[in-house]
Structures are given as structure tokens and as C-alpha cells.
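Participant: As input, take work_10.tsv (TSV, C-alpha atoms):
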chain	number	residue	atom	x	y	z
A	1	MET	CA	48.10	-6.02	-21.76
A	2	SER	CA	46.61	-8.56	-24.14
A	3	ASP	CA	47.44	-8.24	-27.82
A	4	THR	CA	44.15	-9.77	-28.96
A	5	SER	CA	42.11	-8.21	-31.74
A	6	ILE	CA	39.66	-5.45	-30.89
A	7	PHE	CA	37.65	-5.81	-34.09
A	8	ALA	CA	34.51	-7.17	-32.44
A	9	SER	CA	34.83	-6.03	-28.84
A	10	GLU	CA	34.68	-2.27	-28.41
A	11	ALA	CA	32.88	-1.66	-31.69
A	12	ASP	CA	29.95	-3.83	-30.62
A	13	SER	CA	29.07	-1.71	-27.61
A	14	ALA	CA	26.76	1.26	-27.87
A	15	GLY	CA	28.23	4.68	-27.17
A	16	THR	CA	28.62	8.20	-28.36
A	17	PRO	CA	30.44	8.82	-31.65
A	18	ASP	CA	33.32	10.43	-29.74
A	19	LYS	CA	33.96	7.43	-27.49
A	20	TYR	CA	36.84	6.06	-29.54
A	21	ARG	CA	38.54	9.09	-30.93
A	22	ILE	CA	41.36	8.78	-33.42
A	23	ASP	CA	44.02	10.50	-31.33
A	24	ARG	CA	43.22	8.36	-28.29
A	25	LEU	CA	43.45	5.16	-30.32
A	26	PHE	CA	46.79	6.19	-31.74
A	27	LEU	CA	48.29	7.22	-28.42
A	28	ASN	CA	47.06	4.14	-26.57
A	29	PHE	CA	48.41	1.77	-29.20
A	30	TYR	CA	51.81	3.35	-29.70
A	31	SER	CA	52.64	4.55	-26.19
A	32	ARG	CA	54.31	1.26	-25.22
A	33	ILE	CA	56.27	1.07	-28.47
A	34	ARG	CA	57.48	4.66	-28.09
A	35	ILE	CA	58.70	4.06	-24.52
A	36	GLN	CA	60.73	1.09	-25.72
A	37	LYS	CA	62.25	3.10	-28.56
A	38	GLU	CA	63.19	6.02	-26.36
A	39	ALA	CA	64.95	3.70	-23.95
A	40	THR	CA	67.22	2.35	-26.68
A	41	LEU	CA	67.55	5.19	-29.20
A	42	SER	CA	67.44	8.39	-27.13
A	43	ARG	CA	69.88	10.44	-29.19
A	44	PRO	CA	69.58	14.12	-30.10
A	45	ARG	CA	68.31	14.66	-33.65
A	46	SER	CA	69.89	17.29	-35.90
A	47	TYR	CA	67.33	16.93	-38.69
A	48	ASP	CA	63.60	17.29	-39.32
A	49	GLU	CA	62.40	13.91	-38.12
A	50	SER	CA	58.94	14.32	-39.63
A	51	SER	CA	60.40	14.99	-43.07
A	52	VAL	CA	62.76	12.02	-42.76
A	53	LEU	CA	59.99	9.64	-41.74
A	54	LYS	CA	57.69	10.93	-44.47
A	55	GLY	CA	60.36	10.30	-47.09
A	56	ALA	CA	61.11	6.83	-45.76
A	57	ALA	CA	57.43	5.90	-45.63
A	58	GLN	CA	57.03	7.02	-49.23
A	59	ALA	CA	59.95	4.84	-50.32
A	60	PHE	CA	58.59	1.79	-48.48
A	61	ARG	CA	55.09	2.43	-49.83
A	62	ARG	CA	56.32	2.79	-53.39
A	63	ASP	CA	58.84	-0.05	-53.58
A	64	GLY	CA	58.08	-2.34	-50.64
A	65	TYR	CA	60.24	-3.17	-47.64
A	66	GLN	CA	62.30	-5.90	-49.30
A	67	ARG	CA	63.25	-3.87	-52.37
A	68	VAL	CA	64.28	-0.68	-50.58
A	69	SER	CA	68.01	-0.45	-49.93
A	70	ILE	CA	69.89	1.78	-47.51
A	71	ARG	CA	71.02	3.79	-50.55
A	72	ASP	CA	67.37	4.26	-51.52
A	73	LEU	CA	66.64	5.43	-47.99
A	74	GLU	CA	69.55	7.89	-48.14
A	75	ASP	CA	67.95	9.39	-51.25
A	76	ALA	CA	64.47	9.38	-49.73
A	77	THR	CA	65.40	10.90	-46.37
A	78	GLY	CA	68.44	13.03	-47.10
A	79	LEU	CA	70.35	11.23	-44.35
A	80	LYS	CA	73.61	9.39	-44.75
A	81	ALA	CA	73.75	5.71	-43.90
A	82	GLY	CA	75.61	6.42	-40.67
A	83	SER	CA	72.88	8.77	-39.49
A	84	ILE	CA	70.20	6.22	-40.33
A	85	TYR	CA	71.97	3.55	-38.29
A	86	ASN	CA	72.71	5.93	-35.41
A	87	SER	CA	69.16	7.22	-35.25
A	88	PHE	CA	67.10	4.12	-36.04
A	89	GLY	CA	69.41	1.15	-35.52
A	90	ASP	CA	68.95	-0.35	-38.96
A	91	LYS	CA	66.59	-0.50	-41.93
A	92	ALA	CA	63.97	-2.32	-39.87
A	93	GLY	CA	64.12	0.37	-37.20
A	94	LEU	CA	63.54	3.11	-39.75
A	95	PHE	CA	60.67	1.13	-41.26
A	96	ASP	CA	59.13	0.80	-37.81
A	97	ALA	CA	59.36	4.53	-37.11
A	98	ALA	CA	58.19	5.48	-40.61
A	99	PHE	CA	55.19	3.16	-40.33
A	100	GLU	CA	54.13	4.72	-37.03
A	101	HIS	CA	54.48	8.16	-38.57
A	102	TYR	CA	52.45	7.05	-41.61
A	103	ASN	CA	49.60	5.77	-39.47
A	104	LYS	CA	49.49	9.03	-37.55
A	105	THR	CA	49.86	11.53	-40.36
A	106	VAL	CA	48.38	9.75	-43.38
A	107	LEU	CA	45.75	7.37	-42.02
A	108	CYS	CA	44.58	9.51	-39.09
A	109	GLY	CA	45.06	12.67	-41.12
A	110	ARG	CA	42.98	11.34	-44.02
A	111	ILE	CA	40.12	10.44	-41.68
A	112	ASP	CA	40.21	13.85	-39.98
A	113	ARG	CA	40.32	15.67	-43.30
A	114	PHE	CA	37.69	13.81	-45.32
A	115	SER	CA	35.36	12.35	-42.72
A	116	PRO	CA	34.82	14.56	-39.67
A	117	THR	CA	32.19	13.38	-37.21
A	118	ALA	CA	29.48	15.79	-38.36
A	119	ALA	CA	29.75	14.53	-41.96
A	120	GLY	CA	27.99	11.24	-41.22
A	121	ILE	CA	27.78	8.61	-43.95
A	122	ALA	CA	28.54	11.25	-46.60
A	123	GLY	CA	31.90	11.76	-44.90
A	124	LEU	CA	32.61	8.05	-45.15
A	125	ARG	CA	31.87	8.19	-48.86
A	126	ASP	CA	34.22	11.17	-49.25
A	127	LEU	CA	36.94	9.20	-47.43
A	128	PHE	CA	36.59	6.31	-49.86
A	129	MET	CA	36.54	8.61	-52.87
A	130	SER	CA	39.78	10.20	-51.67
A	131	LEU	CA	41.58	6.88	-52.20
A	132	MET	CA	41.37	7.43	-55.95
A	133	HIS	CA	43.11	10.80	-55.75
A	134	GLU	CA	46.68	10.44	-54.50
A	135	PRO	CA	48.96	13.48	-54.60
A	136	ASN	CA	50.69	14.14	-57.93
A	137	GLY	CA	48.57	11.53	-59.68
A	138	GLU	CA	50.42	8.67	-57.97
A	139	SER	CA	48.98	5.18	-57.64
A	140	TYR	CA	51.21	3.53	-55.04
A	141	GLY	CA	48.37	2.44	-52.78
A	142	CYS	CA	48.68	2.32	-49.00
A	143	LEU	CA	51.64	1.35	-46.81
A	144	ILE	CA	49.30	-0.66	-44.57
A	145	THR	CA	47.77	-2.63	-47.43
A	146	ASN	CA	51.03	-3.06	-49.32
A	147	SER	CA	52.84	-4.28	-46.20
A	148	ALA	CA	50.07	-6.73	-45.36
A	149	LEU	CA	50.44	-8.25	-48.82
A	150	GLU	CA	54.24	-8.22	-48.84
A	151	LEU	CA	55.10	-9.18	-45.27
A	152	GLY	CA	52.05	-11.08	-44.06
A	153	HIS	CA	52.17	-11.68	-40.31
A	154	ASP	CA	55.76	-10.56	-39.75
A	155	ASP	CA	55.75	-9.64	-36.06
A	156	ASP	CA	57.49	-6.26	-36.33
A	157	ALA	CA	55.46	-4.93	-39.24
A	158	TYR	CA	52.18	-6.59	-38.42
A	159	ARG	CA	51.44	-4.53	-35.33
A	160	HIS	CA	51.30	-1.44	-37.55
A	161	VAL	CA	49.14	-3.25	-40.11
A	162	ARG	CA	46.86	-4.47	-37.33
A	163	PHE	CA	46.56	-1.00	-35.86
A	164	GLY	CA	45.56	0.45	-39.23
A	165	MET	CA	43.01	-2.28	-39.95
A	166	GLU	CA	41.48	-2.17	-36.49
A	167	MET	CA	41.35	1.59	-36.42
A	168	LEU	CA	39.53	1.70	-39.76
A	169	PHE	CA	37.08	-1.00	-38.65
A	170	LYS	CA	36.31	0.78	-35.37
A	171	PHE	CA	35.90	4.08	-37.17
A	172	PHE	CA	33.52	2.57	-39.74
A	173	ALA	CA	31.49	0.78	-37.05
A	174	GLU	CA	31.30	3.91	-34.90
A	175	ARG	CA	30.13	6.06	-37.79
A	176	LEU	CA	27.53	3.50	-38.91
A	177	GLN	CA	26.24	3.06	-35.36
A	178	ALA	CA	25.75	6.82	-35.16
A	179	ALA	CA	23.95	6.76	-38.52
A	180	GLN	CA	21.70	3.98	-37.25
A	181	GLN	CA	20.80	6.10	-34.24
A	182	ASP	CA	19.99	9.22	-36.27
A	183	GLY	CA	18.05	7.30	-38.93
A	184	THR	CA	20.38	7.88	-41.88
A	185	LEU	CA	21.52	4.25	-42.14
A	186	HIS	CA	19.36	1.99	-44.29
A	187	ALA	CA	16.89	0.10	-42.11
A	188	GLY	CA	17.96	-3.42	-41.21
A	189	THR	CA	21.68	-2.80	-41.77
A	190	ASP	CA	23.97	-4.39	-39.16
A	191	PRO	CA	26.60	-1.68	-38.44
A	192	VAL	CA	29.30	-4.15	-37.40
A	193	LEU	CA	28.80	-6.43	-40.42
A	194	ALA	CA	28.63	-3.40	-42.70
A	195	ALA	CA	31.85	-2.04	-41.16
A	196	THR	CA	33.60	-5.32	-41.98
A	197	LYS	CA	32.35	-5.05	-45.56
A	198	LEU	CA	33.60	-1.48	-45.79
A	199	LEU	CA	37.01	-2.53	-44.49
A	200	ALA	CA	37.20	-5.17	-47.22
A	201	LEU	CA	36.12	-2.60	-49.83
A	202	TYR	CA	38.62	-0.03	-48.56
A	203	GLN	CA	41.54	-2.45	-48.78
A	204	GLY	CA	40.37	-3.84	-52.10
A	205	LEU	CA	40.20	-0.37	-53.60
A	206	LEU	CA	43.78	0.34	-52.55
A	207	VAL	CA	44.99	-2.87	-54.19
A	208	LEU	CA	43.09	-2.07	-57.38
A	209	VAL	CA	44.42	1.50	-57.45
A	210	ARG	CA	47.97	0.21	-57.21
A	211	ALA	CA	47.23	-2.36	-59.93
A	212	GLY	CA	46.11	0.41	-62.29
A	213	GLN	CA	42.36	-0.23	-62.32
A	214	ASP	CA	40.29	2.54	-63.92
A	215	LYS	CA	39.58	5.04	-61.14
A	216	GLN	CA	36.28	6.26	-62.56
A	217	THR	CA	34.98	2.70	-62.42
A	218	LEU	CA	36.10	2.43	-58.81
A	219	GLU	CA	34.36	5.69	-57.98
A	220	ARG	CA	31.10	4.32	-59.39
A	221	LEU	CA	31.57	1.23	-57.22
A	222	VAL	CA	31.97	3.41	-54.12
A	223	ALA	CA	28.92	5.48	-55.02
A	224	ALA	CA	26.81	2.35	-55.47
A	225	GLU	CA	27.92	0.88	-52.14
A	226	PHE	CA	27.09	4.01	-50.18
A	227	HIS	CA	23.79	4.44	-51.98
A	228	GLN	CA	22.83	1.06	-50.53
A	229	LEU	CA	23.95	2.06	-47.05
A	230	GLU	CA	22.05	5.32	-46.88
A	231	ASP	CA	18.37	5.49	-45.95
A	232	HIS	CA	16.72	7.48	-48.73
A	233	HIS	CA	13.29	7.39	-47.04
A	234	ASP	CA	11.69	5.87	-50.10
A	235	ILE	CA	7.93	5.71	-49.97
Please express the file's structure as C-alpha cells.

Facilitator:
Amino acid sequence: MSDTSIFASEADSAGTPDKYRIDRLFLNFYSRIRIQKEATLSRPRSYDESSVLKGAAQAFRRDGYQRVSIRDLEDATGLKAGSIYNSFGDKAGLFDAAFEHYNKTVLCGRIDRFSPTAAGIAGLRDLFMSLMHEPNGESYGCLITNSALELGHDDDAYRHVRFGMEMLFKFFAERLQAAQQDGTLHAGTDPVLAATKLLALYQGLLVLVRAGQDKQTLERLVAAEFHQLEDHHDI
């Protein structure tokens, strides 16, 4: 199967809002990766894998791949080094598994929580606003964004970055196309071009949050952007 970008292919076609659902995107993208993993690392697990991967993802998100040591990962996951190597092969293997888990639970979970289909453009705005409110007042940004900046086009990490970026773009385009059809998108707005702009805004916000930019200012920026997108039926 080709590895080419899907940014401008599926999102361009008309269809119902449910055509490209989040769970289907995730399963289609990761099914091949998971089969390869299971063939090489099919060992019984004596720990809560979800908790381990969540802790590892948090460490990588906070400190970056290069700075995180195996000792740091022992602290973050509760596993000993031997268990990490036995279960995931090496640090890169744990990063790979943690990134997949992050995309499923954090990225997909955030979309499901803040922007369900029925919420329309308002749900998109809520999704963007949620970026300024990390748990426990943290400002570590996003593993996808941080990894894109740190690792660039590294082959192993980039497929996870690409999945996150493409999924967000398709989600934005799908939601804006639906808004265009029901008349809630500002007249004359190109849904695909606007989705690209929203992707740039989404990633930019995450960088600015990590850099310590004032969050109230960022919230006003989000409000202004979505005010422009919405059709207010002005006379």
C-alpha cells in the first residue's frame, strides 16, 4: 500500500460526516504496524500495558526523545530496564508503542471528548480551547508537535507524526464540509484551505503553549478565528 500523503485526496471528496471516522482511521493506519510488532515481540505481559505506555508517552512529551534515558523510563513506567528491553526491544521500541498509544488515547480521545459530530463548528472551537488547559496546569505541549520539531523526518517517529497531522486535517476538513452543507460555515470559505489553516493554528498553539505564551491571549486568538469561520447570518 502506498505511503503517500492523504491530506488532499480523501478530504476533497464529498461525503457524509461519518465517512472517515476516527476509530477507522486509527485501525487502518496502525494495523500493519501492530502485526509486525506482534510477530517479533509476542511475549506475555505481567503489567498494565496502558499505564506503562501512558507514563512513557508523558516522559517523551515532557523531555523529548533524545533526553529521556532508560532510567527516566524506569521511573515513568514502573518497569525495570530488563522488562523494558524484553517487552519493547529498546528505547526506540517503547517510544514507538507509546506514540501509538498516545495517538489513540490522547489525540483520538480529545477529539471524541471535545468535538463530537453533532457539535459542528462550535465543537471545533471547544477542541482548540482545550489545548490551553492541560491536566494539572502543565504546559508540555503535544507529543506529535514536539516530536516533529525534535526529530523531523526520522522514519520511525515520522509515521506517527504523519498520522496525527493527517488525521487532524481530515477531521477539520470533514467538519467544515459538513458546516458548509448545513449553512453554518461562512459563505465563500474553502473547507480544504480552511482545514489547512486550522492545522497550522492547532500546531502553532501547541508550540506557543509549551513556550509559555499567555493562554488567555491564545484563547482570544482562537475565538477570533472561529468567529470568522462561522456564518452569523448578518443582514

Participant: How many Å lie between CA of Asn103 (chain A) and CA of Leu218 (chain A), rounded to one decimal?

Facilitator: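 Value for the CA of Asn103 (chain A)-CA of Leu218 (chain A) distance: 23.8 Å.
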
Participant: My list of candidates is A:Thr217, A:Gly204, A:Pro116, A:Leu124. Which is closest to Leu229 (chain A) when distances are computed with only C-alpha atoms?

Facilitator: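 Of all the options, A:Leu124 lies closest to Leu229 (chain A).
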
Participant: Which distance in Å separates CA of Phe171 (chain A) and CA of Val222 (chain A), to one decimal?

Facilitator: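 For CA of Phe171 (chain A) relative to CA of Val222 (chain A), the distance reads 17.4 Å.
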
Participant: Counting only C-alpha atoms, what is within 10 Å of Thr189 (chain A), bar same-chain residues fewer than 2 positions away, as a list in words?

Facilitator: Leu176, Gln177, Gln180, Leu185, His186, Ala187, Pro191, Val192, Leu193, Ala194, Gln228, Leu229, Glu230 and Asp231 of chain A

Participant: Could you name the residues that touch Leu94 (chain A) at 9 Å or less, counting all atoms listed in the file, but leaving out those on the same chain fewer than 6 positions away, as a VMD selection string?

Facilitator: chain A and resid 53 56 to 57 84 to 85 87 to 88

Participant: At a cut-off of 12 Å, can you tabulate as JSON lines every residue of region 180-199 of chain A near region 158-166 of chain A together with its closest atom pair and the distance in Å to one decimal, using all atoms listed in the file and ordering rows by chain then number?

Facilitator:
{"residue": "A:Ala195", "atom": "CA", "partner": "A:Glu166", "partner_atom": "CA", "distance": 10.7}
{"residue": "A:Thr196", "atom": "CA", "partner": "A:Met165", "partner_atom": "CA", "distance": 10.1}
{"residue": "A:Leu198", "atom": "CA", "partner": "A:Met165", "partner_atom": "CA", "distance": 11.1}
{"residue": "A:Leu199", "atom": "CA", "partner": "A:Met165", "partner_atom": "CA", "distance": 7.5}

Participant: Might you pull out every residue within 12 Å of Gly123 (chain A), with all atoms listed in the file counted and same-chain residues fewer than 6 positions away left off, and present them as a list in words?

Facilitator: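 Those residues are Arg110, Ile111, Asp112, Arg113, Phe114, Ser115, Pro116, Thr117, Met129, Ser130, Phe171, Phe172, Arg175, Leu176, Ala179, Phe226 and Glu230 of chain A.
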
Participant: Pull C-alpha atoms from the residues just selected and write them as a PDB file, keeping the file's coordinate frame.

Facilitator:
ATOM      1  CA  ARG A 110      42.980  11.340 -44.020  1.00  0.00           C
ATOM      2  CA  ILE A 111      40.120  10.440 -41.680  1.00  0.00           C
ATOM      3  CA  ASP A 112      40.210  13.850 -39.980  1.00  0.00           C
ATOM      4  CA  ARG A 113      40.320  15.670 -43.300  1.00  0.00           C
ATOM      5  CA  PHE A 114      37.690  13.810 -45.320  1.00  0.00           C
ATOM      6  CA  SER A 115      35.360  12.350 -42.720  1.00  0.00           C
ATOM      7  CA  PRO A 116      34.820  14.560 -39.670  1.00  0.00           C
ATOM      8  CA  THR A 117      32.190  13.380 -37.210  1.00  0.00           C
ATOM      9  CA  MET A 129      36.540   8.610 -52.870  1.00  0.00           C
ATOM     10  CA  SER A 130      39.780  10.200 -51.670  1.00  0.00           C
ATOM     11  CA  PHE A 171      35.900   4.080 -37.170  1.00  0.00           C
ATOM     12  CA  PHE A 172      33.520   2.570 -39.740  1.00  0.00           C
ATOM     13  CA  ARG A 175      30.130   6.060 -37.790  1.00  0.00           C
ATOM     14  CA  LEU A 176      27.530   3.500 -38.910  1.00  0.00           C
ATOM     15  CA  ALA A 179      23.950   6.760 -38.520  1.00  0.00           C
ATOM     16  CA  PHE A 226      27.090   4.010 -50.180  1.00  0.00           C
ATOM     17  CA  GLU A 230      22.050   5.320 -46.880  1.00  0.00           C
TER      18      GLU A 230
END

Participant: Considering all atoms listed in the file, return as JSON, numbers by chain whatever protein or nucleic-acid residues lie within 12 Å of region 61-66 of chain A, sequence-local ones (same chain, fewer than 4 positions apart) excluded.

Facilitator: {"A": [53, 54, 55, 56, 57, 70, 72, 73, 76, 91, 92, 93, 94, 95, 96, 98, 99, 102, 106, 138, 139, 140, 141, 142, 143, 144, 145, 146, 147, 148, 149, 150, 151, 152, 154, 157, 206, 210]}

Participant: Distance CA of Glu174 (chain A)-CA of Leu208 (chain A), one decimal place?

Facilitator: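 Computed distance, CA of Glu174 (chain A) to CA of Leu208 (chain A), equals 26.1 Å.
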
Participant: Go through A:Leu168, A:Leu201, A:Leu79, A:Leu131 and flag the residue nearest Glu225 (chain A), using all atoms listed in the file for the distances.

Facilitator: A:Leu201

Participant: Return region 114-137 of chain A, completed with N, CA and C atoms, as a PDB file, keeping the file's coordinate frame.

Facilitator:
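New file result_35.pdb:
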ATOM      1  N   PHE A 114      38.799  14.135 -44.418  1.00  0.00           N
ATOM      2  CA  PHE A 114      37.690  13.810 -45.320  1.00  0.00           C
ATOM      3  C   PHE A 114      36.426  13.346 -44.613  1.00  0.00           C
ATOM      4  N   SER A 115      36.535  12.927 -43.366  1.00  0.00           N
ATOM      5  CA  SER A 115      35.360  12.350 -42.720  1.00  0.00           C
ATOM      6  C   SER A 115      35.204  12.790 -41.279  1.00  0.00           C
ATOM      7  N   PRO A 116      35.050  14.101 -41.037  1.00  0.00           N
ATOM      8  CA  PRO A 116      34.820  14.560 -39.670  1.00  0.00           C
ATOM      9  C   PRO A 116      33.487  14.022 -39.138  1.00  0.00           C
ATOM     10  N   THR A 117      33.352  14.009 -37.842  1.00  0.00           N
ATOM     11  CA  THR A 117      32.190  13.380 -37.210  1.00  0.00           C
ATOM     12  C   THR A 117      30.865  13.893 -37.756  1.00  0.00           C
ATOM     13  N   ALA A 118      30.756  15.201 -37.932  1.00  0.00           N
ATOM     14  CA  ALA A 118      29.480  15.790 -38.360  1.00  0.00           C
ATOM     15  C   ALA A 118      29.090  15.397 -39.784  1.00  0.00           C
ATOM     16  N   ALA A 119      30.018  14.840 -40.543  1.00  0.00           N
ATOM     17  CA  ALA A 119      29.750  14.530 -41.960  1.00  0.00           C
ATOM     18  C   ALA A 119      28.930  13.274 -42.148  1.00  0.00           C
ATOM     19  N   GLY A 120      28.819  12.428 -41.124  1.00  0.00           N
ATOM     20  CA  GLY A 120      27.990  11.240 -41.220  1.00  0.00           C
ATOM     21  C   GLY A 120      28.445  10.269 -42.305  1.00  0.00           C
ATOM     22  N   ILE A 121      27.459   9.582 -42.912  1.00  0.00           N
ATOM     23  CA  ILE A 121      27.780   8.610 -43.950  1.00  0.00           C
ATOM     24  C   ILE A 121      28.390   9.294 -45.171  1.00  0.00           C
ATOM     25  N   ALA A 122      27.963  10.516 -45.464  1.00  0.00           N
ATOM     26  CA  ALA A 122      28.540  11.250 -46.600  1.00  0.00           C
ATOM     27  C   ALA A 122      30.036  11.435 -46.416  1.00  0.00           C
ATOM     28  N   GLY A 123      30.472  11.640 -45.174  1.00  0.00           N
ATOM     29  CA  GLY A 123      31.900  11.760 -44.900  1.00  0.00           C
ATOM     30  C   GLY A 123      32.640  10.467 -45.156  1.00  0.00           C
ATOM     31  N   LEU A 124      32.009   9.348 -44.824  1.00  0.00           N
ATOM     32  CA  LEU A 124      32.610   8.050 -45.150  1.00  0.00           C
ATOM     33  C   LEU A 124      32.800   7.906 -46.650  1.00  0.00           C
ATOM     34  N   ARG A 125      31.774   8.282 -47.398  1.00  0.00           N
ATOM     35  CA  ARG A 125      31.870   8.190 -48.860  1.00  0.00           C
ATOM     36  C   ARG A 125      33.010   9.072 -49.377  1.00  0.00           C
ATOM     37  N   ASP A 126      33.136  10.271 -48.834  1.00  0.00           N
ATOM     38  CA  ASP A 126      34.220  11.170 -49.250  1.00  0.00           C
ATOM     39  C   ASP A 126      35.586  10.544 -48.942  1.00  0.00           C
ATOM     40  N   LEU A 127      35.689   9.870 -47.798  1.00  0.00           N
ATOM     41  CA  LEU A 127      36.940   9.200 -47.430  1.00  0.00           C
ATOM     42  C   LEU A 127      37.300   8.153 -48.460  1.00  0.00           C
ATOM     43  N   PHE A 128      36.337   7.356 -48.859  1.00  0.00           N
ATOM     44  CA  PHE A 128      36.590   6.310 -49.860  1.00  0.00           C
ATOM     45  C   PHE A 128      36.937   6.921 -51.210  1.00  0.00           C
ATOM     46  N   MET A 129      36.248   7.964 -51.586  1.00  0.00           N
ATOM     47  CA  MET A 129      36.540   8.610 -52.870  1.00  0.00           C
ATOM     48  C   MET A 129      37.962   9.176 -52.886  1.00  0.00           C
ATOM     49  N   SER A 130      38.445   9.607 -51.724  1.00  0.00           N
ATOM     50  CA  SER A 130      39.780  10.200 -51.670  1.00  0.00           C
ATOM     51  C   SER A 130      40.877   9.194 -52.022  1.00  0.00           C
ATOM     52  N   LEU A 131      40.581   7.906 -51.888  1.00  0.00           N
ATOM     53  CA  LEU A 131      41.580   6.880 -52.200  1.00  0.00           C
ATOM     54  C   LEU A 131      41.967   6.893 -53.669  1.00  0.00           C
ATOM     55  N   MET A 132      41.092   7.401 -54.511  1.00  0.00           N
ATOM     56  CA  MET A 132      41.370   7.430 -55.950  1.00  0.00           C
ATOM     57  C   MET A 132      42.108   8.697 -56.373  1.00  0.00           C
ATOM     58  N   HIS A 133      42.492   9.521 -55.406  1.00  0.00           N
ATOM     59  CA  HIS A 133      43.110  10.800 -55.750  1.00  0.00           C
ATOM     60  C   HIS A 133      44.363  11.019 -54.909  1.00  0.00           C
ATOM     61  N   GLU A 134      45.405  10.253 -55.191  1.00  0.00           N
ATOM     62  CA  GLU A 134      46.680  10.440 -54.500  1.00  0.00           C
ATOM     63  C   GLU A 134      47.372  11.698 -55.007  1.00  0.00           C
ATOM     64  N   PRO A 135      48.223  12.287 -54.166  1.00  0.00           N
ATOM     65  CA  PRO A 135      48.960  13.480 -54.600  1.00  0.00           C
ATOM     66  C   PRO A 135      49.797  13.204 -55.847  1.00  0.00           C
ATOM     67  N   ASN A 136      49.864  14.199 -56.714  1.00  0.00           N
ATOM     68  CA  ASN A 136      50.690  14.140 -57.930  1.00  0.00           C
ATOM     69  C   ASN A 136      50.284  13.011 -58.871  1.00  0.00           C
ATOM     70  N   GLY A 137      49.037  12.569 -58.778  1.00  0.00           N
ATOM     71  CA  GLY A 137      48.570  11.530 -59.680  1.00  0.00           C
ATOM     72  C   GLY A 137      49.186  10.174 -59.451  1.00  0.00           C
TER      73      GLY A 137
END
